[in-house]
Structures are given as structure tokens and as C-alpha cells.
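Read through the structure below, which is laid out as C-alpha cells, and then see the notes.
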Amino acid sequence: MPQSERQFDSKRLRLAFGRRAPRFAATDFLLREIESRMHERLEPVRIEPKRIVDLGCAAGGSFAGLRRRFPEAEPLGLDWSAPMLRAALSAPGGAQASSWLKRLLGRGIAPLLVQADWSNLPLASGSANLVWSNLALHWSAEPHKVLPEWARLLPAGDGLLIFSAFGPDTFAELRAAFAEVDSGRHLPDFVDMHDLGDMLIAAGLADPVMDAERLTLTYQTSAGLLEDVRALGVYPGLAATGLRGRGWLARLHAALERRRNASGLIPLSLEIVYGHAWKPVPTPGRVGKDGVAILRSDQIGRSGKR
């Protein structure tokens with residue numbers, strides 16, 4: 001889907017994530033919950049990575065869990081927001097920073113932090129056995145171009161990509177509330193699970209496993225809901241052109257108020273898409289379009305590590 005249709009403004013998103021850093025703790029609970037569900041999906045997978053790259057690492061909240069699971073691996077975190085990376089150094093995940101960092105340094109290799117665009121990674125091909133990304137891919141305007149770059153980091157036959165991302169049903173109630181206020185498009189469109197699976201294959205990865213689930217957050221006030229949406233990096237009401245006055249904002253709050261459930265709370269739905277895929281061993285002499293090796297399914301082996 002073209003960038004203009006998905007309503008991504010890279011500069012605005014970068015600024016939004018920079019502003020998000022000081023209040024990151026408000027939504028860190030969501031990333032930690034999704035992180036735990038990603039680890040559950042890794043349970044049947046046998047892999048011993050030498051280096052893990054966390055793409056979209058934000059304030060570094062995933063490092064502790066990855067360290068517990070893979071204590072011998074070298075962690076590297078990459079994010080496009082300098083304020084987020086500063087938060088990773090001083091207060092990862094809103095936790096007590098100095099003690100967290102001391103514990104991590106005491107247990108092994110400290111994580112390296114890099115500010116960069118994840119669609120143009122300053123890392124060597126085949127340099128990471130595990131590429132991890134928690135609720136970051138959906139912020140890319142062109143994921144079909146980003147995933148091949150992520151796949152490039154993996155060594156053939158010994159590399160795994162695992163990610164989570166928002167699906168198209170995310171913020172359904174807020175989208176409906178906006179539709180009652182005006183005809184503008186105020187929220188980004190997120191990519192469907194099946195399309196992401198196709199992109200993994202097109203990126204040269206194999207055996208993709210995709211699934212999705214719906215989570216519902218509830219709020220006592222519409223202001224609290226909008227604050228969390230902004231803290232997640234979304235800029236509701238600002239994607240469309242034109243100034244918004246108090247009357248417009250009051251109508252939005254009223255539309256959200258009308259969505260209170262039987263318990264008197266305002267729901268906000270999140271569709272979470274999970275995916276993982278392997279970097280296969282190329283078959284000599286058989287190369288398809290764009291240089292991607294062609295393999296039959298019975299040729300995709302698994303080493304004893306997996």
C-alpha cells in the first residue's frame with residue numbers, strides 16, 4: 001500500500017516517538033505483555049543465537065527477557081529515536097535504570113545501542129542469528145521493502161526473524177468515533193496478517209508462521225484513552241490537514257463516551273499480529289526472480305540446534 005494511503009509521515013512519527021520517551025512507562029505494560037507472548041511462541045524453537053538484534057528496541061525493555069533466555073548472546077538494540085535510546089541507557093522500560101543496567105552488565109555482554117533507520121540498516125549481512133522486533137514493524141510506510149533488509153541480517157540456514165505488529169482492526173473503536181466526527185482519516189492503516197506472511201516469503205524467508213489475536217484495553221475516561229494512543233506513537237486527529245478546535249475535540253470525546261460498555265468503561269481494541277520465519281539454505285544452481293533461491297519444501301532442513 002503506498003505511503004500516502006497508509007498516512008505515514010516519517011518525520012512526524014520520529015518526532016512523536018521522541019516525545020513519547022519521557023512517558024514511555026504509561027504503555028510499557030503493553031510491550032511487556034506482547035513480549036511474553038512472543039517468548040511463548042519461541043518455546044518450541046531450538047536456537048542458540050550468537051547475536052540478537054532488537055529492531056525498534058525503544059527504551060530497551062526486551063533486553064532483560066532476551067538475556068534470561070539467551071544468556072550467551074550478544075544483544076544489539078536499534079531504534080530511529082535518539083530520545084528513546086537515551087531512555088534505554090537511563091530508564092529502560094520505566095524501570096529503575098541504574099540497578100537494571102548494573103545487573104545486565106554483571107551478567108554478561110552489555111547491549112550495544114544504535115540509532116538508525118531500520119529500512120537501511122548499518123549492519124553486515126548475516127551478522128545476527130535472531131532478529132527480534134516487538135510492535136515496531138507497523139510504523140514502516142513500506143514493510144515490503146523493510147522485511148528484505150531485516151532478512152539480510154540473518155545467516156542462511158541458521159537465522160530466525162520473529163516480530164509482532166498491529167493489525168488492521170487495531171483502534172477499531174477510535175476509528176468509529178472519528179467517523180462520527182468528520183470524514184477524515186486520522187489513524188494509520190495497518191497491514192493484514194496474510195499480506196505480511198506473503199512479504200516474508202517475498203523477502204526470501206521460509207516456513208513463515210503467522211497468527212493474530214485481539215486484545216481489549218478499557219479506560220475510565222476518553223482523555224486517558226487518547227493519551228495512551230499518543231504514548232503508543234500515534235498522533236490521533238493530526239494526520240489529516242486542517243486545524244482542530246475545541247468543538248471538534250469535544251465531539252470526539254462525546255463519540256468515545258457513547259462507546260462505554262456494560263461495565264461503564266470505554267474499550268479500545270488491539271489486533272496483534274505475530275510472525276516468524278527462517279532464513280533457508282540456498283540451493284546451488286537454482287535462483288529465482290530478484291536473486292532469491294528456489295527451494296522445495298522437503299529441501300528446507302533444520303539443524304540439530306532447532
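Each chain of the C-alpha cells is named A, B, ... in the order shown, its residues numbered from 1; ligands are numbered from 1 in display order.
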
Excluding Asp54 of chain A and any residue of its chain fewer than 5 positions from it, enumerate the residues within 9 Å of it, using only C-alpha atoms, and give them as a VMD selection string. chain A and resid 60 62 to 63 75 to 79 130 to 134

Taking the DSSP secondary structure from the backbone, can you list the residues of segment 34-274 of chain A that are helix (DSSP H, G or I), as a VMD selection string? chain A and resid 34 to 42 63 to 69 82 to 90 92 to 94 97 to 107 137 to 139 143 to 152 172 to 181 193 to 202 222 to 231 246 to 257

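In this model, the gap between atom CA of Asp228 of chain A and atom CA of Thr27 of chain A comes to 6.6 Å.
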
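Among the candidates A:Val45, A:Asp182, A:Ala82, A:Val53, the residue lying nearest to Ser127 of chain A is A:Val53 (atoms considered: only C-alpha atoms).
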
Which residues, written as a PyMOL selection string, have at least one atom at most 9 Å from Leu205 of chain A, with only C-alpha atoms counted and residues fewer than 4 positions away on the same chain left out? chain A and resi 148+151+160-161+199-201+277-280

Please list as a PDB file with N, CA and C atoms, in the first residue's frame every residue within 8 Å of Glu173 of chain A, counting only C-alpha atoms and excluding residues in the same chain fewer than 3 positions away.
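Output file out.pdb follows:
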ATOM      1  N   ALA A 176     -14.071   4.340  14.666  1.00  0.00           N
ATOM      2  CA  ALA A 176     -15.516   4.560  14.551  1.00  0.00           C
ATOM      3  C   ALA A 176     -15.907   5.910  15.145  1.00  0.00           C
ATOM      4  N   ALA A 177     -15.261   6.291  16.241  1.00  0.00           N
ATOM      5  CA  ALA A 177     -15.549   7.589  16.848  1.00  0.00           C
ATOM      6  C   ALA A 177     -15.145   8.723  15.909  1.00  0.00           C
ATOM      7  N   LEU A 256     -16.559   8.925  21.822  1.00  0.00           N
ATOM      8  CA  LEU A 256     -15.947   7.862  22.615  1.00  0.00           C
ATOM      9  C   LEU A 256     -16.794   7.525  23.836  1.00  0.00           C
ATOM     10  N   ARG A 259     -19.406   4.915  23.547  1.00  0.00           N
ATOM     11  CA  ARG A 259     -18.942   3.537  23.361  1.00  0.00           C
ATOM     12  C   ARG A 259     -18.657   2.825  24.679  1.00  0.00           C
ATOM     13  N   PRO A 267     -13.869   0.815  25.729  1.00  0.00           N
ATOM     14  CA  PRO A 267     -12.924  -0.195  25.217  1.00  0.00           C
ATOM     15  C   PRO A 267     -12.075   0.347  24.074  1.00  0.00           C
ATOM     16  N   LEU A 268     -10.888  -0.231  23.941  1.00  0.00           N
ATOM     17  CA  LEU A 268     -10.004   0.053  22.814  1.00  0.00           C
ATOM     18  C   LEU A 268      -9.400  -1.273  22.368  1.00  0.00           C
ATOM     19  N   SER A 269      -9.743  -1.692  21.162  1.00  0.00           N
ATOM     20  CA  SER A 269      -9.289  -2.988  20.643  1.00  0.00           C
ATOM     21  C   SER A 269      -7.921  -2.874  19.994  1.00  0.00           C
TER      22      SER A 269
END

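The two atoms in question, atom CA of Met38 of chain A and atom CA of Ile162 of chain A, are spaced 7.8 Å apart.
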